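Listing of final.cif, mmCIF, C-alpha atoms
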```cif
data_start
#
loop_
_atom_site.group_PDB
_atom_site.id
_atom_site.type_symbol
_atom_site.label_atom_id
_atom_site.label_comp_id
_atom_site.auth_asym_id
_atom_site.auth_seq_id
_atom_site.Cartn_x
_atom_site.Cartn_y
_atom_site.Cartn_z
ATOM 1 C CA MET A 1 -48.355 -25.831 22.054
ATOM 2 C CA ILE A 2 -46.573 -23.736 24.682
ATOM 3 C CA SER A 3 -49.213 -21.003 24.434
ATOM 4 C CA CYS A 4 -52.006 -23.576 24.614
ATOM 5 C CA GLY A 5 -50.450 -25.165 27.698
ATOM 6 C CA ALA A 6 -50.109 -21.786 29.395
ATOM 7 C CA ARG A 7 -53.752 -20.908 28.761
ATOM 8 C CA LEU A 8 -55.006 -24.285 30.015
ATOM 9 C CA ALA A 9 -52.721 -24.315 33.062
ATOM 10 C CA PRO A 10 -55.491 -23.178 35.485
ATOM 11 C CA PHE A 11 -57.410 -26.380 34.710
ATOM 12 C CA ASP A 12 -54.640 -28.367 36.398
ATOM 13 C CA ILE A 13 -56.075 -27.157 39.718
ATOM 14 C CA PRO A 14 -58.395 -29.874 41.140
ATOM 15 C CA GLN A 15 -60.798 -27.335 42.686
ATOM 16 C CA LEU A 16 -61.270 -25.647 39.320
ATOM 17 C CA ARG A 17 -61.914 -28.955 37.563
ATOM 18 C CA GLU A 18 -64.498 -29.739 40.232
ATOM 19 C CA ILE A 19 -66.353 -26.488 39.549
ATOM 20 C CA ILE A 20 -66.688 -27.138 35.815
ATOM 21 C CA ALA A 21 -67.279 -30.910 36.144
ATOM 22 C CA TYR A 22 -71.039 -30.469 36.457
ATOM 23 C CA ASP A 23 -73.632 -27.856 35.541
ATOM 24 C CA GLU A 24 -75.828 -26.361 38.234
ATOM 25 C CA LEU A 25 -76.233 -22.879 36.756
ATOM 26 C CA GLU A 26 -78.532 -23.840 33.855
ATOM 27 C CA LEU A 27 -77.751 -20.593 32.071
ATOM 28 C CA ASP A 28 -80.056 -21.471 29.184
ATOM 29 C CA LYS A 29 -83.084 -21.440 31.526
ATOM 30 C CA ILE A 30 -82.542 -17.987 33.006
ATOM 31 C CA GLY A 31 -85.173 -16.500 30.705
ATOM 32 C CA ASP A 32 -87.768 -19.192 31.523
ATOM 33 C CA ARG A 33 -88.561 -17.853 34.980
ATOM 34 C CA LYS A 34 -87.531 -15.080 37.349
ATOM 35 C CA THR A 35 -83.929 -15.848 38.228
ATOM 36 C CA ALA A 36 -80.982 -14.038 39.829
ATOM 37 C CA VAL A 37 -77.425 -15.208 39.112
ATOM 38 C CA PHE A 38 -74.355 -13.554 40.647
ATOM 39 C CA PHE A 39 -70.741 -13.909 39.505
ATOM 40 C CA LEU A 40 -68.209 -12.851 42.138
ATOM 41 C CA ILE A 41 -64.599 -12.242 41.168
ATOM 42 C CA SER A 42 -61.521 -11.097 43.031
ATOM 43 C CA ASP A 43 -60.613 -7.446 42.552
ATOM 44 C CA THR A 44 -56.913 -8.158 43.151
ATOM 45 C CA THR A 45 -56.257 -11.589 41.585
ATOM 46 C CA PRO A 46 -57.368 -11.940 37.935
ATOM 47 C CA THR A 47 -56.385 -15.638 37.621
ATOM 48 C CA TYR A 48 -59.925 -16.990 37.376
ATOM 49 C CA ASN A 49 -61.648 -13.998 35.792
ATOM 50 C CA PHE A 50 -61.675 -15.764 32.420
ATOM 51 C CA LEU A 51 -64.329 -18.128 33.811
ATOM 52 C CA VAL A 52 -66.779 -15.227 34.074
ATOM 53 C CA ALA A 53 -66.077 -14.159 30.498
ATOM 54 C CA LEU A 54 -66.603 -17.766 29.405
ATOM 55 C CA ALA A 55 -69.891 -17.935 31.325
ATOM 56 C CA PHE A 56 -71.134 -14.698 29.715
ATOM 57 C CA SER A 57 -70.258 -15.945 26.245
ATOM 58 C CA GLN A 58 -72.067 -19.248 26.816
ATOM 59 C CA MET A 59 -75.058 -17.536 28.393
ATOM 60 C CA PHE A 60 -75.643 -15.149 25.494
ATOM 61 C CA ASN A 61 -75.422 -17.952 22.934
ATOM 62 C CA LEU A 62 -77.624 -20.329 24.924
ATOM 63 C CA LEU A 63 -80.301 -17.702 25.553
ATOM 64 C CA CYS A 64 -80.442 -16.744 21.867
ATOM 65 C CA GLU A 65 -80.750 -20.397 20.835
ATOM 66 C CA ARG A 66 -83.458 -21.078 23.422
ATOM 67 C CA ALA A 67 -85.409 -17.977 22.419
ATOM 68 C CA ASP A 68 -85.348 -19.035 18.751
ATOM 69 C CA ASN A 69 -85.949 -22.767 19.195
ATOM 70 C CA LYS A 70 -88.502 -22.792 22.015
ATOM 71 C CA TYR A 71 -90.183 -19.395 22.320
ATOM 72 C CA GLY A 72 -90.369 -18.157 18.772
ATOM 73 C CA GLY A 73 -87.686 -15.533 19.072
ATOM 74 C CA ARG A 74 -88.398 -13.857 22.447
ATOM 75 C CA LEU A 75 -87.842 -15.143 25.972
ATOM 76 C CA PRO A 76 -90.872 -15.071 28.298
ATOM 77 C CA HIS A 77 -88.928 -13.169 30.975
ATOM 78 C CA HIS A 78 -86.621 -10.289 30.156
ATOM 79 C CA VAL A 79 -82.994 -11.002 31.095
ATOM 80 C CA ARG A 80 -81.038 -7.963 32.217
ATOM 81 C CA VAL A 81 -77.268 -8.405 32.511
ATOM 82 C CA LEU A 82 -75.532 -5.934 34.847
ATOM 83 C CA TRP A 83 -71.857 -6.350 34.030
ATOM 84 C CA ASP A 84 -69.886 -4.480 36.656
ATOM 85 C CA GLU A 85 -66.091 -4.314 36.418
ATOM 86 C CA ALA A 86 -66.328 -5.252 32.744
ATOM 87 C CA ALA A 87 -62.673 -4.325 32.266
ATOM 88 C CA ASN A 88 -61.543 -6.961 34.774
ATOM 89 C CA THR A 89 -63.409 -10.006 33.447
ATOM 90 C CA GLY A 90 -61.540 -10.367 30.196
ATOM 91 C CA GLN A 91 -62.675 -10.370 26.598
ATOM 92 C CA VAL A 92 -65.890 -12.063 25.483
ATOM 93 C CA PRO A 93 -65.537 -13.400 21.926
ATOM 94 C CA ASN A 94 -67.805 -11.774 19.330
ATOM 95 C CA LEU A 95 -69.332 -9.371 21.847
ATOM 96 C CA GLU A 96 -69.643 -6.735 19.129
ATOM 97 C CA LYS A 97 -72.026 -9.081 17.281
ATOM 98 C CA LEU A 98 -73.889 -10.317 20.345
ATOM 99 C CA VAL A 99 -74.877 -6.837 21.570
ATOM 100 C CA ALA A 100 -76.591 -6.237 18.233
ATOM 101 C CA VAL A 101 -78.772 -9.377 18.307
ATOM 102 C CA ILE A 102 -79.589 -10.110 21.960
ATOM 103 C CA ARG A 103 -82.056 -7.217 22.266
ATOM 104 C CA SER A 104 -84.566 -8.884 19.975
ATOM 105 C CA ARG A 105 -84.464 -11.969 22.249
ATOM 106 C CA GLU A 106 -85.465 -9.981 25.381
ATOM 107 C CA VAL A 107 -81.891 -9.721 26.663
ATOM 108 C CA SER A 108 -80.308 -6.400 27.627
ATOM 109 C CA LEU A 109 -76.719 -5.666 28.585
ATOM 110 C CA THR A 110 -75.362 -2.914 30.834
ATOM 111 C CA LEU A 111 -71.588 -2.441 30.764
ATOM 112 C CA PHE A 112 -69.785 -0.569 33.556
ATOM 113 C CA TYR A 113 -66.420 1.003 32.734
ATOM 114 C CA GLN A 114 -64.420 3.503 34.732
ATOM 115 C CA GLN A 115 -63.380 5.057 31.431
ATOM 116 C CA LEU A 116 -63.959 4.373 27.743
ATOM 117 C CA ALA A 117 -60.251 3.665 27.269
ATOM 118 C CA GLN A 118 -60.740 0.355 29.126
ATOM 119 C CA CYS A 119 -63.247 -0.883 26.549
ATOM 120 C CA LYS A 120 -60.977 0.181 23.687
ATOM 121 C CA ALA A 121 -57.982 -1.540 25.289
ATOM 122 C CA ILE A 122 -59.839 -4.880 25.447
ATOM 123 C CA TYR A 123 -61.837 -4.874 22.215
ATOM 124 C CA ASP A 124 -59.614 -2.589 20.116
ATOM 125 C CA LYS A 125 -61.384 -1.668 16.855
ATOM 126 C CA HIS A 126 -64.624 -3.381 17.921
ATOM 127 C CA ALA A 127 -65.081 -1.021 20.888
ATOM 128 C CA GLU A 128 -66.835 1.573 18.715
ATOM 129 C CA THR A 129 -69.274 -1.086 17.474
ATOM 130 C CA ILE A 130 -70.056 -2.204 21.031
ATOM 131 C CA LEU A 131 -70.645 1.332 22.297
ATOM 132 C CA GLY A 132 -72.612 2.213 19.175
ATOM 133 C CA ASN A 133 -75.137 -0.542 19.917
ATOM 134 C CA MET A 134 -75.926 0.895 23.350
ATOM 135 C CA ASP A 135 -79.244 2.744 23.451
ATOM 136 C CA SER A 136 -78.188 4.812 26.450
ATOM 137 C CA VAL A 137 -74.872 5.937 27.906
ATOM 138 C CA ILE A 138 -74.410 7.473 31.365
ATOM 139 C CA PHE A 139 -71.346 9.462 32.419
ATOM 140 C CA LEU A 140 -71.015 9.558 36.214
ATOM 141 C CA GLY A 141 -67.849 11.617 36.282
ATOM 142 C CA GLY A 142 -64.144 11.120 35.730
ATOM 143 C CA ARG A 143 -60.875 12.754 34.772
ATOM 144 C CA GLU A 144 -59.488 10.473 32.042
ATOM 145 C CA GLY A 145 -58.518 12.750 29.155
ATOM 146 C CA SER A 146 -59.693 10.755 26.125
ATOM 147 C CA THR A 147 -63.033 9.956 27.777
ATOM 148 C CA ILE A 148 -64.031 13.510 28.668
ATOM 149 C CA LYS A 149 -62.785 14.783 25.306
ATOM 150 C CA GLU A 150 -64.939 12.294 23.411
ATOM 151 C CA ILE A 151 -67.958 13.128 25.565
ATOM 152 C CA SER A 152 -67.490 16.843 25.016
ATOM 153 C CA GLU A 153 -67.030 16.591 21.257
ATOM 154 C CA THR A 154 -69.159 13.568 20.298
ATOM 155 C CA TRP A 155 -71.962 13.293 22.839
ATOM 156 C CA LEU A 156 -72.658 16.899 23.707
ATOM 157 C CA GLY A 157 -71.561 18.802 20.610
ATOM 158 C CA LYS A 158 -71.769 22.560 20.424
ATOM 159 C CA ALA A 159 -74.336 25.191 21.321
ATOM 160 C CA THR A 160 -74.890 28.626 19.814
ATOM 161 C CA ILE A 161 -73.967 31.564 22.032
ATOM 162 C CA TYR A 162 -74.178 35.309 21.491
ATOM 163 C CA MET A 163 -71.127 37.471 22.164
ATOM 164 C CA GLN A 164 -71.319 41.230 22.441
ATOM 165 C CA THR A 165 -68.369 43.554 22.058
ATOM 166 C CA ASP A 166 -68.493 47.253 22.672
ATOM 167 C CA GLY A 167 -66.025 50.038 21.989
ATOM 168 C CA ARG A 168 -65.805 53.719 22.794
ATOM 169 C CA SER A 169 -63.449 56.351 21.439
ATOM 170 C CA LYS A 170 -62.956 59.804 22.852
ATOM 171 C CA GLY A 171 -61.733 62.816 21.059
ATOM 172 C CA GLN A 172 -63.186 65.815 19.355
ATOM 173 C CA SER A 173 -66.168 63.619 18.439
ATOM 174 C CA GLU A 174 -66.874 60.790 20.869
ATOM 175 C CA SER A 175 -68.143 57.547 19.291
ATOM 176 C CA TYR A 176 -69.573 54.307 20.684
ATOM 177 C CA ASN A 177 -70.221 50.997 18.902
ATOM 178 C CA LEU A 178 -71.789 47.680 19.944
ATOM 179 C CA ASN A 179 -71.326 44.427 17.987
ATOM 180 C CA THR A 180 -73.213 41.156 18.447
ATOM 181 C CA GLN A 181 -71.854 37.866 17.118
ATOM 182 C CA ARG A 182 -73.123 34.300 17.121
ATOM 183 C CA LEU A 183 -70.483 31.724 17.977
ATOM 184 C CA GLY A 184 -70.318 27.989 18.557
ATOM 185 C CA ARG A 185 -69.228 26.723 21.977
ATOM 186 C CA GLU A 186 -68.978 23.230 23.459
ATOM 187 C CA LEU A 187 -72.016 22.458 25.565
ATOM 188 C CA MET A 188 -69.543 21.426 28.286
ATOM 189 C CA THR A 189 -65.816 21.781 27.852
ATOM 190 C CA PRO A 190 -63.409 19.022 28.981
ATOM 191 C CA SER A 191 -62.420 21.116 31.998
ATOM 192 C CA GLU A 192 -66.063 21.499 32.999
ATOM 193 C CA LEU A 193 -66.627 17.757 32.654
ATOM 194 C CA ALA A 194 -63.546 16.988 34.753
ATOM 195 C CA THR A 195 -64.831 19.232 37.547
ATOM 196 C CA MET A 196 -68.460 18.121 37.333
ATOM 197 C CA PRO A 197 -70.041 17.791 40.836
ATOM 198 C CA GLY A 198 -70.162 14.276 42.237
ATOM 199 C CA ASP A 199 -73.951 14.337 42.594
ATOM 200 C CA ARG A 200 -74.532 15.031 38.880
ATOM 201 C CA CYS A 201 -74.444 12.815 35.779
ATOM 202 C CA ILE A 202 -74.951 13.091 32.028
ATOM 203 C CA LEU A 203 -77.402 10.756 30.297
ATOM 204 C CA GLN A 204 -77.357 10.286 26.531
ATOM 205 C CA LEU A 205 -80.408 8.495 25.079
ATOM 206 C CA ARG A 206 -80.570 7.467 21.458
ATOM 207 C CA GLY A 207 -82.398 10.091 19.406
ATOM 208 C CA LEU A 208 -82.584 12.684 22.215
ATOM 209 C CA PRO A 209 -80.369 15.525 23.408
ATOM 210 C CA PRO A 210 -78.185 14.747 26.451
ATOM 211 C CA PHE A 211 -79.577 15.288 29.939
ATOM 212 C CA TYR A 212 -77.619 16.913 32.766
ATOM 213 C CA SER A 213 -79.293 15.425 35.795
ATOM 214 C CA PRO A 214 -78.817 14.793 39.532
ATOM 215 C CA LYS A 215 -77.971 11.230 40.489
ATOM 216 C CA TYR A 216 -80.701 9.126 42.038
ATOM 217 C CA ASP A 217 -80.439 8.711 45.809
ATOM 218 C CA LEU A 218 -80.559 4.942 46.377
ATOM 219 C CA LYS A 219 -81.675 5.467 49.958
ATOM 220 C CA GLN A 220 -84.963 6.826 48.620
ATOM 221 C CA HIS A 221 -85.744 3.575 46.779
ATOM 222 C CA PRO A 222 -88.682 1.664 48.330
ATOM 223 C CA ASN A 223 -86.600 -1.543 48.467
ATOM 224 C CA TYR A 224 -83.601 0.046 50.168
ATOM 225 C CA LYS A 225 -84.831 -1.319 53.513
ATOM 226 C CA PHE A 226 -84.103 -4.858 52.277
ATOM 227 C CA THR A 227 -80.398 -4.195 51.645
ATOM 228 C CA GLU A 228 -77.522 -5.057 53.951
ATOM 229 C CA GLU A 229 -76.562 -1.402 54.185
ATOM 230 C CA ALA A 230 -79.960 -0.551 55.696
ATOM 231 C CA ASP A 231 -80.011 -3.438 58.188
ATOM 232 C CA LYS A 232 -76.858 -5.550 58.293
ATOM 233 C CA LYS A 233 -78.033 -7.827 61.090
ATOM 234 C CA ARG A 234 -81.271 -8.770 59.362
ATOM 235 C CA ASN A 235 -80.410 -8.618 55.656
ATOM 236 C CA ALA A 236 -76.781 -9.800 55.515
ATOM 237 C CA PHE A 237 -76.367 -12.960 53.437
ATOM 238 C CA ASP A 238 -73.792 -15.561 54.480
ATOM 239 C CA LEU A 239 -72.518 -16.974 51.195
ATOM 240 C CA ASP A 240 -70.020 -19.343 52.822
ATOM 241 C CA ARG A 241 -72.745 -21.005 54.866
ATOM 242 C CA LEU A 242 -74.856 -21.613 51.772
ATOM 243 C CA ILE A 243 -71.872 -23.005 49.835
ATOM 244 C CA ARG A 244 -71.033 -25.406 52.653
ATOM 245 C CA ARG A 245 -74.623 -26.617 52.707
ATOM 246 C CA ARG A 246 -74.873 -27.191 48.961
ATOM 247 C CA ARG A 247 -71.316 -28.361 48.320
ATOM 248 C CA ARG A 248 -71.065 -31.578 46.334
ATOM 249 C CA PRO A 249 -68.405 -34.206 47.037
ATOM 250 C CA GLY A 250 -65.209 -33.864 45.050
ATOM 251 C CA LEU A 251 -64.251 -36.176 42.219
ATOM 252 C CA ASP A 252 -61.907 -38.218 44.409
ATOM 253 C CA GLU A 253 -63.570 -37.530 47.745
ATOM 254 C CA ALA A 254 -64.917 -40.498 49.723
ATOM 255 C CA CYS A 255 -68.240 -40.023 51.480
ATOM 256 C CA GLU A 256 -70.729 -42.073 53.449
ATOM 257 C CA VAL A 257 -74.375 -42.472 52.394
ATOM 258 C CA TYR A 258 -77.124 -42.901 54.992
ATOM 259 C CA GLN A 259 -80.695 -44.033 54.391
ATOM 260 C CA VAL A 260 -83.292 -42.147 56.420
ATOM 261 C CA ASP A 261 -86.832 -43.446 56.691
ATOM 262 C CA GLU A 262 -88.382 -40.374 58.305
ATOM 263 C CA PRO A 263 -87.778 -36.790 57.195
ATOM 264 C CA ILE A 264 -85.537 -34.730 59.425
ATOM 265 C CA PRO A 265 -87.365 -31.655 60.778
ATOM 266 C CA LEU A 266 -85.942 -28.423 59.446
ATOM 267 C CA THR A 267 -84.557 -25.748 61.723
ATOM 268 C CA ASP A 268 -85.354 -22.049 61.356
ATOM 269 C CA GLU A 269 -81.962 -21.564 59.736
ATOM 270 C CA ASP A 270 -82.710 -24.279 57.166
ATOM 271 C CA GLU A 271 -86.061 -22.690 56.383
ATOM 272 C CA ASP A 272 -84.450 -19.296 55.784
ATOM 273 C CA ILE A 273 -81.909 -20.767 53.368
ATOM 274 C CA LEU A 274 -84.512 -22.780 51.469
ATOM 275 C CA ASN A 275 -86.846 -19.820 51.203
ATOM 276 C CA TYR A 276 -84.013 -17.593 50.060
ATOM 277 C CA ASP A 277 -82.816 -19.431 46.987
ATOM 278 C CA ASP A 278 -85.608 -21.999 46.462
ATOM 279 C CA VAL A 279 -83.229 -24.974 46.498
ATOM 280 C CA ASP A 280 -85.914 -27.644 46.780
ATOM 281 C CA ASP A 281 -88.364 -26.151 44.319
ATOM 282 C CA PRO A 282 -86.701 -23.741 41.851
ATOM 283 C CA ASP A 283 -89.984 -23.254 39.957
ATOM 284 C CA ALA A 284 -91.789 -21.825 42.998
ATOM 285 C CA PHE A 285 -91.691 -18.046 42.997
#
```
Just give me the structure of the file as structure tokens.
Amino acid sequence: MISCGARLAPFDIPQLREIIAYDELELDKIGDRKTAVFFLISDTTPTYNFLVALAFSQMFNLLCERADNKYGGRLPHHVRVLWDEAANTGQVPNLEKLVAVIRSREVSLTLFYQQLAQCKAIYDKHAETILGNMDSVIFLGGREGSTIKEISETWLGKATIYMQTDGRSKGQSESYNLNTQRLGRELMTPSELATMPGDRCILQLRGLPPFYSPKYDLKQHPNYKFTEEADKKRNAFDLDRLIRRRRRPGLDEACEVYQVDEPIPLTDEDEDILNYDDVDDPDAF
């Protein structure tokens, strides 16, 4: 009972109970239409990170059920989950089983770890199963010993090299010999991986040899001009302003209700917000 009380202690916070009191995410309908959902967590305070892990677990199960019950096994729109900071969101129950079945439902998962040791620390013996169900693995660089050792030995393997040795002896009769040997050498040693240039990466695709490739320059992407980094004044999104606009009254919060006969004309700011997230008509894309 003490352990149960400690785990449920965050739900004593009224603001947290307000968040989970109603459902506005509709996670089961993400695959019905083009949708973007963002989960933001604190990088210094992990108190509420379990909510994201809970949302991921529910989302995977709901999408699989909806794909089977409504769409005959495959969602009409592919759902791609980009799970950054996967080590900081906590453990998702049965993830080793989910990664093996969600692909057939048009759901893909991309996990971001700073090192493989983080995945093994969270999922223990199931980490190998999770990583084994990934069709592609990208190494962007790092210095963690167990990670670069596993990449060198497991991903890359060895290559055949030729080594020549020569010798010469002088005396009454001078002699010279040349020997050629074939040896096995790691494609990249751990020291070479640890000192890999920052603009290079290693891509391992299932069924293909690994690729040593330059990283893609995001500034060359055709949609880079729409990012905040390209134009902060024009493309910056004010999340707090949107939350204040859409905030629902609290459970114990008193509010006044007004009846309006004529529609209130929208300002330019209101139009931008409505066009951004399609609040009034979520089916219009």
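With distances restricted to all atoms listed in the file, A:Gln15 is the closest residue to Asp252 (chain A) from A:Ser108, A:Gln118, A:Ser152, A:Gln15.
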Cut-off 12 Å around (-66.8, -8.2, 25.3) with all atoms listed in the file: residues as a VMD selection string: chain A and resid 50 52 to 57 60 83 85 to 99 109 to 113 118 to 131
Rounded to one decimal in Å, what is the spacing between CA of Ala67 (chain A) and CA of Asp135 (chain A)?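 Between CA of Ala67 (chain A) and CA of Asp135 (chain A) the gap works out to 21.6 Å.
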Would you list the contacts of Ala36 (chain A) as a PyMOL selection string, taking every protein, DNA or RNA residue within 10 Å and counting only C-alpha atoms, but skipping same-chain residues closer than 5 positions in sequence? chain A and resi 30+79-81+277
Can you translate the PyMOL selection byres ((chain A and resi 173-187) around 9) into the concrete residues it hits in this file, as a PDB file with C-alpha atoms, in the frame of the given file?
```pdb
ATOM      1  CA  SER A 152     -67.490  16.843  25.016  1.00  0.00           C
ATOM      2  CA  GLU A 153     -67.030  16.591  21.257  1.00  0.00           C
ATOM      3  CA  LEU A 156     -72.658  16.899  23.707  1.00  0.00           C
ATOM      4  CA  GLY A 157     -71.561  18.802  20.610  1.00  0.00           C
ATOM      5  CA  LYS A 158     -71.769  22.560  20.424  1.00  0.00           C
ATOM      6  CA  ALA A 159     -74.336  25.191  21.321  1.00  0.00           C
ATOM      7  CA  THR A 160     -74.890  28.626  19.814  1.00  0.00           C
ATOM      8  CA  ILE A 161     -73.967  31.564  22.032  1.00  0.00           C
ATOM      9  CA  TYR A 162     -74.178  35.309  21.491  1.00  0.00           C
ATOM     10  CA  MET A 163     -71.127  37.471  22.164  1.00  0.00           C
ATOM     11  CA  GLN A 164     -71.319  41.230  22.441  1.00  0.00           C
ATOM     12  CA  THR A 165     -68.369  43.554  22.058  1.00  0.00           C
ATOM     13  CA  ASP A 166     -68.493  47.253  22.672  1.00  0.00           C
ATOM     14  CA  GLY A 167     -66.025  50.038  21.989  1.00  0.00           C
ATOM     15  CA  ARG A 168     -65.805  53.719  22.794  1.00  0.00           C
ATOM     16  CA  SER A 169     -63.449  56.351  21.439  1.00  0.00           C
ATOM     17  CA  LYS A 170     -62.956  59.804  22.852  1.00  0.00           C
ATOM     18  CA  GLY A 171     -61.733  62.816  21.059  1.00  0.00           C
ATOM     19  CA  GLN A 172     -63.186  65.815  19.355  1.00  0.00           C
ATOM     20  CA  MET A 188     -69.543  21.426  28.286  1.00  0.00           C
ATOM     21  CA  THR A 189     -65.816  21.781  27.852  1.00  0.00           C
ATOM     22  CA  PRO A 190     -63.409  19.022  28.981  1.00  0.00           C
TER      23      PRO A 190
END
```
From the options A:Ile202, A:Val257, A:Val107, A:Val101, which residue's atoms come nearest to Ser136 (chain A), counting only C-alpha atoms?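 For Ser136 (chain A), the nearest of the candidates is A:Ile202.
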To one decimal in Å, tell me the separation between CA of Thr35 (chain A) and CA of Ala236 (chain A).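 These two atoms are separated by 19.7 Å.
CA of Asp43 (chain A) is found 17.5 Å from CA of Leu239 (chain A).
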Using all atoms of region 190-198 of chain A that appear in the file, construct an axis-aligned enclosing box with 3 Å of padding on every side and provide its centre coordinates and edge lengths in Å, rounded to one decimal, as lines of an AutoDock Vina configuration file.
```
center_x = -66.3
center_y = 17.9
center_z = 35.6
size_x = 13.7
size_y = 13.2
size_z = 19.3
```
Which residue out of A:Asp199, A:Lys215, A:Leu51, A:Arg241 has the minimum interatomic distance to Ile19 (chain A) when only C-alpha atoms are used?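 Closest residue, counting only C-alpha atoms: A:Leu51.
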Residues returned when the PyMOL selection byres ((chain A and resi 146) around 12) runs on this file, as JSON, numbers by chain: {"A": [115, 116, 117, 118, 120, 142, 143, 144, 145, 147, 148, 149, 150, 151, 152, 153, 154, 190, 193, 194]}
Write out as a tab-separated table (two decimals) with C-alpha atoms, in the coordinates of the input the residues lying within 8 Å of Leu203 (chain A), counting all atoms listed in the file and excluding same-chain residues fewer than 4 positions away.
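Wrote it out as result-v2.tsv, contents follow:
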```tsv
chain	number	residue	atom	x	y	z
A	136	SER	CA	-78.19	4.81	26.45
A	137	VAL	CA	-74.87	5.94	27.91
A	138	ILE	CA	-74.41	7.47	31.36
A	139	PHE	CA	-71.35	9.46	32.42
A	210	PRO	CA	-78.18	14.75	26.45
A	211	PHE	CA	-79.58	15.29	29.94
A	212	TYR	CA	-77.62	16.91	32.77
A	213	SER	CA	-79.29	15.42	35.80
```
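Among the candidate residues A:Leu82, A:Ile2, A:Leu208, A:Met134, the one lying nearest to Val37 (chain A) is A:Leu82, with distances computed using only C-alpha atoms.
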Residue nearest Leu8 (chain A) - candidates A:Thr195, A:Tyr48, A:Glu24, A:Trp155, atoms counted: all atoms listed in the file: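 For Leu8 (chain A), the nearest of the given residues is A:Tyr48.
Each of A:Pro214, A:Pro209, A:Arg33, A:Tyr224 was checked against Pro197 (chain A) using only C-alpha atoms; the smallest atom-to-atom distance is that of A:Pro214.
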Given the file above and the PyMOL selection byres ((chain A and resi 28) around 7), which residues are selected, and can you give them as a ChimeraX atom specification? /A:26-27,29-30,59,62-63,66
May I have the residues within 12 Å of Pro14 (chain A) as number ranges by chain, using all atoms listed in the file and disregarding those fewer than 4 positions away in the same chain? A: 9-10, 18-21, 250-253
How would region 65-76 of chain A look with N, CA and C atoms restored, written as an mmCIF file, in the frame of the given file?
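Printed below is part18.cif as written:
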```
data_model
loop_
_atom_site.group_PDB
_atom_site.id
_atom_site.type_symbol
_atom_site.label_atom_id
_atom_site.label_comp_id
_atom_site.auth_asym_id
_atom_site.auth_seq_id
_atom_site.Cartn_x
_atom_site.Cartn_y
_atom_site.Cartn_z
ATOM 1 N N GLU A 65 -80.288 -19.133 21.415
ATOM 2 C CA GLU A 65 -80.750 -20.397 20.835
ATOM 3 C C GLU A 65 -82.077 -20.836 21.449
ATOM 4 N N ARG A 66 -82.219 -20.668 22.765
ATOM 5 C CA ARG A 66 -83.458 -21.078 23.422
ATOM 6 C C ARG A 66 -84.625 -20.181 23.009
ATOM 7 N N ALA A 67 -84.353 -18.887 22.861
ATOM 8 C CA ALA A 67 -85.409 -17.977 22.419
ATOM 9 C C ALA A 67 -85.887 -18.327 21.013
ATOM 10 N N ASP A 68 -84.974 -18.712 20.131
ATOM 11 C CA ASP A 68 -85.348 -19.035 18.751
ATOM 12 C C ASP A 68 -86.015 -20.406 18.653
ATOM 13 N N ASN A 69 -85.489 -21.394 19.367
ATOM 14 C CA ASN A 69 -85.949 -22.767 19.195
ATOM 15 C C ASN A 69 -87.194 -23.105 20.015
ATOM 16 N N LYS A 70 -87.397 -22.423 21.143
ATOM 17 C CA LYS A 70 -88.502 -22.792 22.015
ATOM 18 C C LYS A 70 -89.586 -21.731 22.117
ATOM 19 N N TYR A 71 -89.213 -20.451 22.052
ATOM 20 C CA TYR A 71 -90.183 -19.395 22.320
ATOM 21 C C TYR A 71 -90.450 -18.499 21.115
ATOM 22 N N GLY A 72 -90.054 -18.926 19.967
ATOM 23 C CA GLY A 72 -90.369 -18.157 18.772
ATOM 24 C C GLY A 72 -89.641 -16.848 18.633
ATOM 25 N N GLY A 73 -88.508 -16.722 19.276
ATOM 26 C CA GLY A 73 -87.686 -15.533 19.072
ATOM 27 C C GLY A 73 -87.571 -14.611 20.269
ATOM 28 N N ARG A 74 -88.441 -14.740 21.288
ATOM 29 C CA ARG A 74 -88.398 -13.857 22.447
ATOM 30 C C ARG A 74 -88.590 -14.668 23.723
ATOM 31 N N LEU A 75 -87.735 -14.440 24.702
ATOM 32 C CA LEU A 75 -87.842 -15.143 25.972
ATOM 33 C C LEU A 75 -89.056 -14.651 26.751
ATOM 34 N N PRO A 76 -89.692 -15.504 27.541
ATOM 35 C CA PRO A 76 -90.872 -15.071 28.298
ATOM 36 C C PRO A 76 -90.550 -14.074 29.401
#
```
